[in-house]
$ cat input29.cif   # mmCIF, C-alpha atoms and all ligand atoms
data_coords
#
loop_
_atom_site.label_atom_id
_atom_site.label_comp_id
_atom_site.auth_asym_id
_atom_site.auth_seq_id
_atom_site.Cartn_x
_atom_site.Cartn_y
_atom_site.Cartn_z
CA MET A 121 0.00 0.00 0.00
CA SER A 122 1.39 3.36 -0.98
CA LYS A 123 1.83 5.69 2.01
CA LYS A 124 0.26 8.57 0.10
CA THR A 125 -3.14 6.91 0.20
CA LEU A 126 -3.25 6.52 3.98
CA HIS A 127 -5.35 8.79 6.14
CA PHE A 128 -4.26 10.48 9.37
CA GLU A 129 -6.07 7.92 11.57
CA THR A 130 -4.33 5.05 9.79
CA LEU A 131 -0.89 6.65 10.00
CA MET A 132 -1.49 7.26 13.71
CA VAL A 133 -1.50 3.51 14.41
CA HIS A 134 0.80 2.24 11.62
CA ALA A 135 3.35 4.80 10.42
CA GLY A 136 6.98 4.01 11.19
CA TYR A 137 6.48 0.42 12.31
CA GLN A 138 5.78 -3.00 10.89
CA PRO A 139 6.09 -6.27 12.85
CA ASP A 140 9.82 -6.81 13.41
CA GLN A 141 11.95 -9.96 13.13
CA ASN A 142 10.09 -11.38 16.18
CA ASN A 143 6.68 -10.57 14.66
CA SER A 144 5.89 -8.27 17.58
CA ARG A 145 2.65 -6.49 16.68
CA SER A 146 3.10 -3.76 19.28
CA ILE A 147 6.14 -1.46 19.12
CA PRO A 148 9.08 -2.93 21.06
CA ILE A 149 11.06 -0.82 23.54
CA TYR A 150 14.83 -0.84 23.10
CA PRO A 151 16.30 0.21 26.44
CA THR A 152 19.87 0.19 25.24
CA THR A 153 22.45 2.93 25.22
CA ALA A 154 24.68 1.52 22.48
CA TYR A 155 24.66 -0.83 19.47
CA THR A 156 27.34 -3.28 18.38
CA PHE A 157 29.13 -2.54 15.12
CA ASN A 158 29.30 -5.37 12.59
CA ASN A 159 32.95 -4.49 11.99
CA ALA A 160 35.26 -1.48 12.17
CA GLU A 161 34.14 -0.22 8.78
CA HIS A 162 30.48 -0.23 9.88
CA GLY A 163 31.41 1.92 12.90
CA ALA A 164 33.42 4.31 10.75
CA ASP A 165 30.59 4.60 8.21
CA LEU A 166 28.12 5.54 10.94
CA PHE A 167 30.48 8.17 12.32
CA ASN A 168 30.70 9.57 8.78
CA LEU A 169 26.87 9.63 8.70
CA ASP A 170 27.06 7.19 5.77
CA PHE A 171 23.92 5.16 6.32
CA LYS A 172 23.50 2.13 4.07
CA GLU A 173 20.27 0.40 3.06
CA GLY A 174 19.74 -2.77 5.11
CA VAL A 175 22.54 -1.99 7.59
CA SER A 176 21.74 -0.89 11.15
CA PRO A 177 22.02 2.92 11.47
CA TYR A 178 22.13 2.94 15.26
CA ILE A 179 25.12 4.38 17.08
CA TYR A 180 24.31 5.56 20.60
CA THR A 181 20.91 6.44 22.09
CA ARG A 182 21.75 10.10 22.60
CA LEU A 183 21.68 10.20 18.76
CA ASN A 184 19.31 7.47 17.65
CA ASN A 185 17.34 4.49 18.94
CA PRO A 186 14.87 2.09 17.23
CA THR A 187 11.93 2.98 19.52
CA ASN A 188 12.62 6.68 19.16
CA ALA A 189 12.83 6.14 15.38
CA VAL A 190 9.28 4.74 15.25
CA PHE A 191 8.00 7.76 17.14
CA GLU A 192 9.95 10.09 14.85
CA GLN A 193 8.75 8.50 11.63
CA ARG A 194 5.18 8.47 12.89
CA MET A 195 5.34 12.16 13.77
CA ALA A 196 6.88 13.06 10.40
CA ALA A 197 3.97 11.25 8.70
CA LEU A 198 1.33 12.90 10.90
CA GLU A 199 2.69 16.42 10.40
CA GLY A 200 3.44 15.93 6.70
CA GLY A 201 7.21 16.45 6.99
CA VAL A 202 10.17 14.57 5.50
CA ALA A 203 11.77 13.68 8.86
CA ALA A 204 11.31 14.27 12.57
CA VAL A 205 13.59 14.35 15.58
CA ALA A 206 12.32 13.42 19.03
CA VAL A 207 13.82 15.23 22.01
CA ALA A 208 13.40 15.37 25.77
CA SER A 209 10.70 18.06 25.95
CA GLY A 210 8.90 20.75 24.02
CA GLN A 211 11.35 23.29 25.40
CA SER A 212 14.30 21.31 24.07
CA ALA A 213 12.58 21.04 20.66
CA GLN A 214 12.58 24.84 20.47
CA MET A 215 16.11 25.15 21.86
CA THR A 216 17.49 22.55 19.45
CA THR A 217 15.74 24.17 16.49
CA ILE A 218 17.03 27.67 17.21
CA MET A 219 20.56 26.41 17.95
CA ASN A 220 20.47 24.46 14.71
CA ILE A 221 19.97 27.65 12.70
CA MET A 222 21.47 30.58 14.59
CA LYS A 223 24.63 31.73 16.23
CA CYS A 224 25.57 34.63 18.50
CA GLY A 225 24.55 37.92 16.78
CA ASP A 226 21.58 36.44 14.91
CA ASN A 227 17.98 37.23 15.69
CA PHE A 228 14.52 35.91 14.95
CA VAL A 229 11.13 37.60 14.94
CA THR A 230 8.41 36.04 17.06
CA SER A 231 4.70 36.45 17.61
CA PRO A 232 4.07 37.92 21.08
CA TYR A 233 1.51 35.24 21.97
CA LEU A 234 3.70 32.61 23.56
CA TYR A 235 3.61 29.89 26.17
CA GLY A 236 5.16 31.23 29.41
CA GLY A 237 8.10 28.82 29.34
CA THR A 238 8.87 29.81 25.77
CA TYR A 239 8.72 33.46 26.74
CA ASN A 240 11.48 32.98 29.32
CA GLN A 241 13.57 30.79 27.05
CA PHE A 242 13.41 33.36 24.26
CA PHE A 243 13.76 36.62 26.15
CA VAL A 244 15.97 35.58 29.07
CA SER A 245 18.06 32.51 28.26
CA PHE A 246 18.63 33.19 24.56
CA LYS A 247 19.69 36.73 25.38
CA ASP A 248 22.59 35.27 27.39
CA LEU A 249 23.64 33.32 24.31
CA GLY A 250 23.62 36.45 22.15
CA ILE A 251 20.59 35.30 20.15
CA GLU A 252 17.91 37.96 20.10
CA ALA A 253 14.21 37.11 20.05
CA ARG A 254 12.35 40.12 18.63
CA LYS A 255 8.77 40.35 19.84
CA ALA A 256 6.39 41.69 17.19
CA ALA A 257 3.39 43.80 18.21
CA SER A 258 1.09 41.01 16.96
CA ASP A 259 1.21 37.80 14.94
CA SER A 260 0.46 39.63 11.67
CA ALA A 261 2.88 39.61 8.75
CA GLU A 262 2.90 43.44 8.74
CA ASP A 263 4.00 43.67 12.38
CA MET A 264 6.56 40.92 11.98
CA GLU A 265 8.10 42.42 8.86
CA LYS A 266 8.88 45.67 10.73
CA LEU A 267 11.45 43.84 12.89
CA ILE A 268 13.28 41.91 10.15
CA ASP A 269 16.87 42.93 9.36
CA LYS A 270 19.86 41.29 7.70
CA ASN A 271 20.62 39.18 10.78
CA THR A 272 17.08 37.82 11.06
CA LYS A 273 17.22 34.06 10.57
CA ALA A 274 13.64 32.90 11.20
CA LEU A 275 10.02 33.77 11.91
CA TYR A 276 8.40 32.06 14.89
CA THR A 277 4.79 31.63 15.93
CA GLU A 278 2.63 29.33 17.97
CA ASN A 279 -0.40 27.84 16.31
CA ILE A 280 -3.29 28.39 18.69
CA GLY A 281 -1.13 30.50 20.99
CA ASN A 282 -1.12 29.59 24.66
CA PRO A 283 -3.39 30.96 26.15
CA PHE A 284 -4.33 33.76 23.70
CA PHE A 285 -5.69 31.23 21.16
CA ASN A 286 -4.55 33.12 18.08
CA VAL A 287 -4.43 31.24 14.81
CA PRO A 288 -1.76 32.90 12.65
CA ASP A 289 -2.50 33.64 9.02
CA PHE A 290 -0.09 30.99 7.75
CA GLU A 291 -0.24 31.90 4.09
CA LYS A 292 0.80 35.49 4.81
CA LEU A 293 3.55 34.47 7.23
CA ALA A 294 4.85 31.87 4.78
CA ALA A 295 4.94 34.50 2.03
CA LEU A 296 6.85 36.88 4.32
CA ALA A 297 9.35 34.15 5.23
CA GLN A 298 9.84 33.37 1.54
CA LYS A 299 10.37 37.02 0.71
CA TYR A 300 13.30 37.20 3.15
CA GLU A 301 14.46 33.60 2.48
CA ILE A 302 14.17 32.59 6.12
CA PRO A 303 12.32 29.60 7.61
CA LEU A 304 8.91 29.82 9.27
CA ILE A 305 8.93 27.86 12.55
CA VAL A 306 5.59 26.94 14.10
CA ASP A 307 4.94 25.57 17.59
CA ASN A 308 2.02 23.25 16.82
CA THR A 309 1.52 21.86 20.33
CA PHE A 310 -2.14 22.96 20.36
CA GLY A 311 -2.55 21.60 16.83
CA CYS A 312 -2.48 18.16 18.48
CA GLY A 313 0.22 16.38 16.52
CA GLY A 314 -1.19 17.46 13.16
CA TYR A 315 -4.76 16.28 13.79
CA LEU A 316 -6.23 19.77 14.10
CA CYS A 317 -3.74 21.50 11.82
CA GLN A 318 -0.71 20.67 9.69
CA PRO A 319 1.23 23.95 9.41
CA ILE A 320 3.68 22.47 6.88
CA LYS A 321 0.78 22.15 4.41
CA PHE A 322 0.30 25.92 4.71
CA GLY A 323 3.94 26.77 4.11
CA ALA A 324 5.65 26.33 7.50
CA ASN A 325 9.18 24.94 7.20
CA ILE A 326 9.71 23.54 10.67
CA VAL A 327 7.20 22.39 13.25
CA VAL A 328 8.16 22.10 16.91
CA GLU A 329 5.81 20.74 19.52
CA SER A 330 5.49 19.48 23.04
CA ALA A 331 4.60 15.79 22.93
CA THR A 332 3.96 16.06 26.67
CA LYS A 333 0.48 17.37 25.90
CA TRP A 334 -2.06 15.74 23.51
CA ILE A 335 0.41 13.48 21.68
CA GLY A 336 1.13 11.48 24.83
CA GLY A 337 -2.24 12.51 26.14
CA HIS A 338 -2.15 10.87 29.57
CA GLY A 339 -0.02 13.28 31.58
CA ASN A 340 2.69 10.67 32.15
CA SER A 341 5.68 11.51 29.96
CA MET A 342 7.74 14.45 28.76
CA GLY A 343 8.78 14.71 25.15
CA GLY A 344 9.23 17.08 22.25
CA VAL A 345 9.26 16.78 18.48
CA ILE A 346 10.91 18.72 15.68
CA VAL A 347 9.44 18.07 12.23
CA ASP A 348 11.44 19.05 9.16
CA GLY A 349 9.15 20.11 6.31
CA GLY A 350 11.96 19.41 3.83
CA ASN A 351 10.76 22.53 1.98
CA PHE A 352 13.42 25.10 2.80
CA ASN A 353 16.53 26.04 0.83
CA TRP A 354 19.30 25.98 3.46
CA GLY A 355 21.77 26.55 0.65
CA ASN A 356 20.65 30.14 -0.04
CA GLY A 357 23.77 31.66 1.52
CA LYS A 358 22.20 32.87 4.78
CA PHE A 359 22.88 29.70 6.76
CA PRO A 360 26.60 28.89 7.04
CA LYS A 361 25.84 25.99 9.38
CA TYR A 362 24.55 24.19 6.28
CA THR A 363 26.86 25.35 3.55
CA GLU A 364 30.25 25.60 5.23
CA PRO A 365 32.35 22.57 6.19
CA SER A 366 31.40 21.49 9.72
CA GLU A 367 34.21 21.78 12.23
CA GLY A 368 32.49 19.14 14.36
CA TYR A 369 32.06 16.67 11.49
CA HIS A 370 35.43 16.60 9.76
CA GLY A 371 34.42 19.00 7.01
CA LEU A 372 30.99 17.59 6.18
CA VAL A 373 28.65 20.07 4.42
CA PHE A 374 25.12 19.29 5.58
CA TRP A 375 23.25 20.87 2.68
CA GLU A 376 25.38 19.06 0.11
CA LYS A 377 25.18 15.70 1.82
CA PHE A 378 21.57 15.61 2.96
CA GLY A 379 19.61 18.12 0.85
CA ALA A 380 15.95 18.23 1.89
CA ALA A 381 16.58 16.45 5.21
CA ALA A 382 19.64 18.53 6.12
CA PHE A 383 17.89 20.29 8.97
CA ALA A 384 16.76 17.12 10.74
CA MET A 385 20.11 15.42 10.16
CA ARG A 386 21.98 18.36 11.64
CA CYS A 387 19.65 18.41 14.68
CA VAL A 388 20.75 14.87 15.45
CA ALA A 389 24.37 14.92 14.35
CA GLU A 390 25.41 18.24 15.87
CA ASN A 391 22.73 19.22 18.37
CA LEU A 392 21.74 16.01 20.07
CA ARG A 393 25.39 15.00 20.06
CA ASP A 394 26.62 18.25 21.62
CA MET A 395 23.65 19.53 23.66
CA GLY A 396 22.32 16.12 24.62
CA ALA A 397 18.56 16.72 24.90
CA ALA A 398 17.81 13.06 24.04
CA ILE A 399 14.45 11.45 24.79
CA SER A 400 14.24 8.15 26.67
CA PRO A 401 13.05 5.19 24.53
CA PHE A 402 10.51 4.44 27.23
CA ASN A 403 9.00 7.90 26.77
CA SER A 404 8.92 7.47 23.01
CA TRP A 405 7.05 4.23 23.55
CA LEU A 406 4.51 5.90 25.84
CA LEU A 407 4.11 8.75 23.37
CA CYS A 408 3.46 6.24 20.57
CA GLN A 409 0.81 4.59 22.76
CA GLY A 410 -0.77 8.00 23.07
CA LEU A 411 -0.62 8.64 19.34
CA GLU A 412 -2.57 5.47 18.63
CA THR A 413 -5.74 7.03 20.11
CA LEU A 414 -4.97 10.68 19.30
CA SER A 415 -7.87 11.43 16.94
CA VAL A 416 -10.43 9.71 19.15
CA ARG A 417 -9.35 11.62 22.23
CA VAL A 418 -9.06 14.95 20.47
CA ASP A 419 -12.47 14.60 18.77
CA LYS A 420 -14.14 14.02 22.12
CA MET A 421 -12.15 16.74 23.88
CA CYS A 422 -13.00 19.31 21.20
CA GLN A 423 -16.69 18.46 21.59
CA ASN A 424 -16.38 18.71 25.36
CA THR A 425 -14.59 22.04 25.15
CA LEU A 426 -17.21 23.56 22.87
CA GLU A 427 -20.04 22.38 25.10
CA ILE A 428 -18.39 23.75 28.26
CA ALA A 429 -17.56 27.05 26.50
CA GLU A 430 -21.20 27.54 25.52
CA TRP A 431 -22.38 26.56 28.99
CA LEU A 432 -19.91 28.86 30.81
CA GLN A 433 -21.25 31.79 28.80
CA THR A 434 -24.63 31.28 30.49
CA LEU A 435 -23.25 31.54 34.05
CA PRO A 436 -23.64 34.96 35.72
CA GLU A 437 -20.41 34.53 37.77
CA ILE A 438 -18.28 34.08 34.62
CA GLU A 439 -17.15 36.60 32.00
CA GLY A 440 -14.99 36.69 28.89
CA VAL A 441 -15.19 33.04 27.81
CA SER A 442 -12.60 32.60 25.08
CA TYR A 443 -12.67 29.61 22.74
CA LEU A 444 -11.84 29.40 19.06
CA GLY A 445 -15.03 27.45 18.42
CA LEU A 446 -17.25 30.35 19.50
CA PRO A 447 -18.35 32.52 16.55
CA ASN A 448 -17.60 35.66 18.60
CA ASN A 449 -13.91 34.74 18.82
CA LYS A 450 -11.57 37.15 17.05
CA TYR A 451 -9.75 34.26 15.37
CA HIS A 452 -12.81 32.16 14.52
CA ALA A 453 -12.54 32.85 10.77
CA LEU A 454 -8.82 32.01 10.63
CA ALA A 455 -9.50 28.92 12.73
CA LYS A 456 -12.11 27.81 10.21
CA LYS A 457 -9.64 28.37 7.40
CA TYR A 458 -6.65 26.56 8.90
CA LEU A 459 -8.01 24.05 11.43
CA ARG A 460 -9.89 20.83 10.80
CA ASN A 461 -11.65 18.33 13.07
CA GLY A 462 -12.35 20.89 15.80
CA PHE A 463 -11.24 24.09 17.48
CA GLY A 464 -8.93 22.77 20.18
CA CYS A 465 -9.23 21.36 23.66
CA VAL A 466 -8.53 24.43 25.81
CA LEU A 467 -10.61 27.47 26.71
CA THR A 468 -10.20 30.37 29.06
CA PHE A 469 -12.67 32.32 31.15
CA ARG A 470 -12.60 34.97 33.84
CA VAL A 471 -14.18 34.79 37.26
CA LYS A 472 -16.05 38.00 38.05
CA GLY A 473 -14.75 39.79 41.12
CA GLY A 474 -11.02 39.72 40.42
CA VAL A 475 -7.98 37.70 41.29
CA LYS A 476 -8.95 36.84 44.89
CA GLN A 477 -12.27 35.29 43.85
CA THR A 478 -10.52 33.47 41.01
CA VAL A 479 -7.93 31.83 43.22
CA LEU A 480 -10.61 30.86 45.75
CA PHE A 481 -12.71 29.33 42.98
CA ILE A 482 -9.77 27.25 41.77
CA GLU A 483 -8.97 26.10 45.30
CA HIS A 484 -12.53 24.90 45.78
CA LEU A 485 -12.54 22.65 42.70
CA GLU A 486 -12.52 18.97 43.62
CA LEU A 487 -12.65 16.92 40.43
CA ILE A 488 -10.75 19.35 38.20
CA SER A 489 -7.02 19.28 38.96
CA HIS A 490 -5.21 22.51 39.72
CA LEU A 491 -1.79 22.32 38.06
CA THR A 492 0.18 23.57 35.08
CA ASN A 493 -0.37 21.18 32.23
CA ILE A 494 -2.74 20.61 29.33
CA GLY A 495 -3.69 17.72 27.10
CA ASP A 496 -4.41 15.08 29.75
CA VAL A 497 -7.41 12.71 29.80
CA ARG A 498 -8.28 14.50 33.06
CA THR A 499 -9.67 18.03 33.11
CA LEU A 500 -7.03 20.50 34.28
CA ILE A 501 -7.19 24.11 35.39
CA THR A 502 -4.38 26.67 35.54
CA HIS A 503 -4.20 30.22 36.82
CA PRO A 504 -1.70 31.57 34.25
CA ALA A 505 -1.06 34.95 35.92
CA SER A 506 0.37 33.34 39.09
CA THR A 507 2.04 30.32 37.43
CA THR A 508 2.89 29.80 33.73
CA HIS A 509 3.02 33.51 32.87
CA ARG A 510 4.19 34.74 36.29
CA GLN A 511 7.61 35.91 35.05
CA MET A 512 6.06 38.40 32.62
CA SER A 513 5.38 42.02 33.58
CA GLU A 514 1.71 42.83 34.11
CA GLU A 515 1.78 44.81 30.88
CA ALA A 516 3.19 41.87 28.92
CA GLN A 517 0.68 39.56 30.62
CA ILE A 518 -2.27 41.68 29.51
CA ALA A 519 -0.82 41.94 25.98
CA ALA A 520 -0.66 38.13 25.88
CA GLY A 521 -4.26 37.94 27.09
CA VAL A 522 -3.28 36.84 30.61
CA TYR A 523 -5.70 38.79 32.84
CA PRO A 524 -5.33 38.46 36.63
CA ASN A 525 -8.71 36.67 36.85
CA LEU A 526 -8.11 34.39 33.88
CA CYS A 527 -8.50 30.60 34.23
CA ARG A 528 -7.28 28.18 31.59
CA LEU A 529 -9.26 24.96 31.34
CA SER A 530 -7.99 21.91 29.44
CA LEU A 531 -10.87 19.51 28.97
CA GLY A 532 -10.41 15.80 29.60
CA LEU A 533 -12.64 12.82 28.98
CA GLU A 534 -14.81 12.84 32.14
CA HIS A 535 -18.59 12.96 31.83
CA LEU A 536 -19.46 16.63 31.35
CA ASP A 537 -22.24 16.58 33.97
CA ASP A 538 -19.56 15.85 36.58
CA VAL A 539 -17.31 18.63 35.27
CA LYS A 540 -20.18 21.13 35.33
CA GLU A 541 -21.20 20.02 38.81
CA ASP A 542 -17.65 20.64 40.07
CA ILE A 543 -17.57 24.14 38.59
CA LEU A 544 -20.98 25.00 40.05
CA GLN A 545 -20.10 23.83 43.56
CA ALA A 546 -16.84 25.84 43.51
CA LEU A 547 -18.68 28.98 42.34
CA LYS A 548 -21.25 28.46 45.10
CA ALA A 549 -18.54 28.03 47.72
CA ILE A 550 -17.00 31.47 46.98
CA LYS A 551 -20.29 33.40 47.04
C1 LIG B 601 3.95 22.94 27.14
C2 LIG B 601 4.31 23.75 25.99
C3 LIG B 601 5.65 23.88 25.59
C4 LIG B 601 6.78 23.25 26.35
O1 LIG B 601 6.72 21.86 26.31
P1 LIG B 601 7.37 20.92 27.45
O2 LIG B 601 7.15 19.55 26.93
O3 LIG B 601 6.63 21.23 28.72
O4 LIG B 601 8.81 21.30 27.55
C5 LIG B 601 5.93 24.64 24.48
N1 LIG B 601 4.96 25.26 23.79
C6 LIG B 601 3.67 25.16 24.14
C7 LIG B 601 2.64 25.85 23.33
C8 LIG B 601 3.29 24.41 25.26
O5 LIG B 601 2.01 24.32 25.61
#
$ encode --input "input29.cif" --output "structure tokens"
Amino acid sequence: MSKKTLHFETLMVHAGYQPDQNNSRSIPIYPTTAYTFNNAEHGADLFNLDFKEGVSPYIYTRLNNPTNAVFEQRMAALEGGVAAVAVASGQSAQMTTIMNIMKCGDNFVTSPYLYGGTYNQFFVSFKDLGIEARKAASDSAEDMEKLIDKNTKALYTENIGNPFFNVPDFEKLAALAQKYEIPLIVDNTFGCGGYLCQPIKFGANIVVESATKWIGGHGNSMGGVIVDGGNFNWGNGKFPKYTEPSEGYHGLVFWEKFGAAAFAMRCVAENLRDMGAAISPFNSWLLCQGLETLSVRVDKMCQNTLEIAEWLQTLPEIEGVSYLGLPNNKYHALAKKYLRNGFGCVLTFRVKGGVKQTVLFIEHLELISHLTNIGDVRTLITHPASTTHRQMSEEAQIAAGVYPNLCRLSLGLEHLDDVKEDILQALKAIK
């Protein structure tokens, strides 16, 4: 069967794996750090990155591993890329991606609507490395273009920003990136592993995402993914890491040797080798287990989120319900254009009366878990202003849509009557 004919749901349970030499139907876990070489030449070939058909490509699990490879191939298929690299977390997916493109003195232009952890990574940690993240006034191509200069090496945006829920206008951003011959990087964590949106189809060049969320889906394992769209010309003269002989790889030129998959290959060969953000094979295995039910979970969670969003709007104690699936949402039209299968599994709302009432409300919830995570089978609530977005100034918080009385709700798979009941009893308790 040709891969091209397979649908997302089929790829979710089959891509990247066929029963192995032991006929194991389920994906085996390879908890090994190293792999024996057939002979000295085999070892030397692998260290030259000369992979041969039918010969084991595995070297050392910081670089590659058979269980990780299944997860990577599956993710590449689900996001529509040519290759994927699995890493230890969503944060390391971003870190590895930026390090794989830029050096001290370079900059990139980013949408301002970012996950709190990303915000700190970009504006605090990267600054120490001499890589400047330039925050645009919005996620529009016009605002982003204003900050581009000759040292700009990428555009960056989240898809369904956390927790602003913006859907970027991909076609415009892709055109802007093309105009300046720089890659468009999209954090597609909220796009649920490609099920709700495949940014590469709309012109993104690299997708990064936290597998910790809906991909794994059970709140039990950290992981991150980098998907290489294979659609960017790294040989255009702006990216010496691809066109000049690599000091760390005895003169290898990545663009010449690997062409379309140069980005993914360099992530592994230089970044995982030197920075070491490898994922555990056990986590890859858990994340693959999650993937096998991804569409079923996300379908149900999107339905649940829409129903709760509509219901919350009817409660007098609640204001400002924000969900992409509501027609009053600022990004509803873009969501309809770029998303499929639903509008996401997270909503936000505000508790009338301010921050004190909000915190009390959250503390009184019994079924809904108070923590900082999303994409679990259990319903989760976060108070972004005091947790995930705490490091931002109040001004930056408001600009990112993080009001002091904002609650972020990630819907799980519980019966909705029980979820509603929990919310009602907590609202009653704070009256
Ligand atoms: C959680 C999250 C991350 C970070 O992922 P980790 O796996 O927690 O490191 C990055 N981006 C977004 C949008 C997220 O929600």
$ residues_near_ligand --input "input29.cif" --ligand "ligand LIG 601 (chain B)" --cutoff "10 Å" --atoms "all atoms listed in the file" --output "CSV table (one decimal) with C-alpha atoms, keeping the file's coordinate frame"
chain,number,residue,atom,x,y,z
A,207,VAL,CA,13.8,15.2,22.0
A,208,ALA,CA,13.4,15.4,25.8
A,209,SER,CA,10.7,18.1,26.0
A,210,GLY,CA,8.9,20.8,24.0
A,211,GLN,CA,11.4,23.3,25.4
A,212,SER,CA,14.3,21.3,24.1
A,213,ALA,CA,12.6,21.0,20.7
A,214,GLN,CA,12.6,24.8,20.5
A,233,TYR,CA,1.5,35.2,22.0
A,234,LEU,CA,3.7,32.6,23.6
A,235,TYR,CA,3.6,29.9,26.2
A,236,GLY,CA,5.2,31.2,29.4
A,237,GLY,CA,8.1,28.8,29.3
A,238,THR,CA,8.9,29.8,25.8
A,239,TYR,CA,8.7,33.5,26.7
A,277,THR,CA,4.8,31.6,15.9
A,278,GLU,CA,2.6,29.3,18.0
A,279,ASN,CA,-0.4,27.8,16.3
A,280,ILE,CA,-3.3,28.4,18.7
A,281,GLY,CA,-1.1,30.5,21.0
A,282,ASN,CA,-1.1,29.6,24.7
A,283,PRO,CA,-3.4,31.0,26.2
A,306,VAL,CA,5.6,26.9,14.1
A,307,ASP,CA,4.9,25.6,17.6
A,308,ASN,CA,2.0,23.2,16.8
A,309,THR,CA,1.5,21.9,20.3
A,310,PHE,CA,-2.1,23.0,20.4
A,311,GLY,CA,-2.6,21.6,16.8
A,328,VAL,CA,8.2,22.1,16.9
A,329,GLU,CA,5.8,20.7,19.5
A,330,SER,CA,5.5,19.5,23.0
A,331,ALA,CA,4.6,15.8,22.9
A,332,THR,CA,4.0,16.1,26.7
A,333,LYS,CA,0.5,17.4,25.9
A,334,TRP,CA,-2.1,15.7,23.5
A,341,SER,CA,5.7,11.5,30.0
A,342,MET,CA,7.7,14.4,28.8
A,343,GLY,CA,8.8,14.7,25.2
A,344,GLY,CA,9.2,17.1,22.2
A,345,VAL,CA,9.3,16.8,18.5
A,492,THR,CA,0.2,23.6,35.1
A,493,ASN,CA,-0.4,21.2,32.2
A,494,ILE,CA,-2.7,20.6,29.3
A,495,GLY,CA,-3.7,17.7,27.1
A,508,THR,CA,2.9,29.8,33.7
$ residues_around --input "input29.cif" --residues "stretch 285-300 of chain A" --least-positions-apart "4" --cutoff "7 Å" --atoms "all atoms listed in the file" --output "VMD selection string"
chain A and resid 259 261 275 279 to 281 304 322 to 324 444 451 454 to 455
$ write_last_selection --input "input29.cif" --atoms "C-alpha atoms" --output "short mmCIF file (atom, residue, chain, number, x, y, z; two decimals), in the frame of the given file"
data_model
loop_
_atom_site.label_atom_id
_atom_site.label_comp_id
_atom_site.auth_asym_id
_atom_site.auth_seq_id
_atom_site.Cartn_x
_atom_site.Cartn_y
_atom_site.Cartn_z
CA ASP A 259 1.21 37.80 14.94
CA ALA A 261 2.88 39.61 8.75
CA LEU A 275 10.02 33.77 11.91
CA ASN A 279 -0.40 27.84 16.31
CA ILE A 280 -3.29 28.39 18.69
CA GLY A 281 -1.13 30.50 20.99
CA LEU A 304 8.91 29.82 9.27
CA PHE A 322 0.30 25.92 4.71
CA GLY A 323 3.94 26.77 4.11
CA ALA A 324 5.65 26.33 7.50
CA LEU A 444 -11.84 29.40 19.06
CA TYR A 451 -9.75 34.26 15.37
CA LEU A 454 -8.82 32.01 10.63
CA ALA A 455 -9.50 28.92 12.73
#
$ atom_distance --input "input29.cif" --atom1 "atom CA of A:Met395" --atom2 "atom CA of A:Arg182"
9.7 Å
$ residues_near_point --input "input29.cif" --point "(10.8, 41.1, 16.7)" --cutoff "10 Å" --atoms "only C-alpha atoms" --output "list of chain:residue names"
A:Asn227, A:Phe228, A:Val229, A:Thr230, A:Ser231, A:Pro232, A:Glu252, A:Ala253, A:Arg254, A:Lys255, A:Ala256, A:Ala257, A:Ser258, A:Asp263, A:Met264, A:Glu265, A:Lys266, A:Leu267, A:Ile268, A:Asp269, A:Thr272, A:Leu275, A:Tyr276
$ write_last_selection --input "input29.cif" --atoms "C-alpha atoms" --output "compact mmCIF listing (two decimals), in the coordinates of the input"
# COMPACT_ATOMS: atom_id res chain seq x y z
CA ASN A 227 17.98 37.23 15.69
CA PHE A 228 14.52 35.91 14.95
CA VAL A 229 11.13 37.60 14.94
CA THR A 230 8.41 36.04 17.06
CA SER A 231 4.70 36.45 17.61
CA PRO A 232 4.07 37.92 21.08
CA GLU A 252 17.91 37.96 20.10
CA ALA A 253 14.21 37.11 20.05
CA ARG A 254 12.35 40.12 18.63
CA LYS A 255 8.77 40.35 19.84
CA ALA A 256 6.39 41.69 17.19
CA ALA A 257 3.39 43.80 18.21
CA SER A 258 1.09 41.01 16.96
CA ASP A 263 4.00 43.67 12.38
CA MET A 264 6.56 40.92 11.98
CA GLU A 265 8.10 42.42 8.86
CA LYS A 266 8.88 45.67 10.73
CA LEU A 267 11.45 43.84 12.89
CA ILE A 268 13.28 41.91 10.15
CA ASP A 269 16.87 42.93 9.36
CA THR A 272 17.08 37.82 11.06
CA LEU A 275 10.02 33.77 11.91
CA TYR A 276 8.40 32.06 14.89
$ closest_residue --input "input29.cif" --among "A:Pro504, A:Gly250, A:Pro303, A:Gly521" --to "A:Lys273" --atoms "only C-alpha atoms"
A:Pro303
$ closest_residue --input "input29.cif" --among "A:Leu198, A:Cys224, A:Leu126, A:Leu183" --to "A:Arg393" --atoms "all atoms listed in the file"
A:Leu183
$ residues_around --input "input29.cif" --residues "stretch 167-181 of chain A" --least-positions-apart "6" --cutoff "10 Å" --atoms "all atoms listed in the file" --output "list in words"
Tyr150, Pro151, Thr152, Thr153, Ala154, Tyr155, Thr156, Phe157, Asn158, Glu161, Thr187, Asn188, Ala189, Tyr369, His370, Leu372, Lys377, Phe378, Met385, Ala389, Leu392, Arg393, Ala398, Ile399, Ser400 and Pro401 of chain A
$ atom_distance --input "input29.cif" --atom1 "atom CA of A:Ile221" --atom2 "atom CA of A:Leu249"
13.4 Å
$ atom_distance --input "input29.cif" --atom1 "atom CA of A:Thr478" --atom2 "atom CA of A:Leu491"
14.5 Å
$ closest_atom_pairs --input "input29.cif" --of "stretch 277-339 of chain A" --to "stretch 405-429 of chain A" --cutoff "7 Å" --atoms "only C-alpha atoms" --output "CSV"
residue,atom,partner,partner_atom,distance
A:Tyr315,CA,A:Ser415,CA,6.6
A:Ile335,CA,A:Leu411,CA,5.5
A:Gly336,CA,A:Leu407,CA,4.3
A:Gly337,CA,A:Gly410,CA,5.7
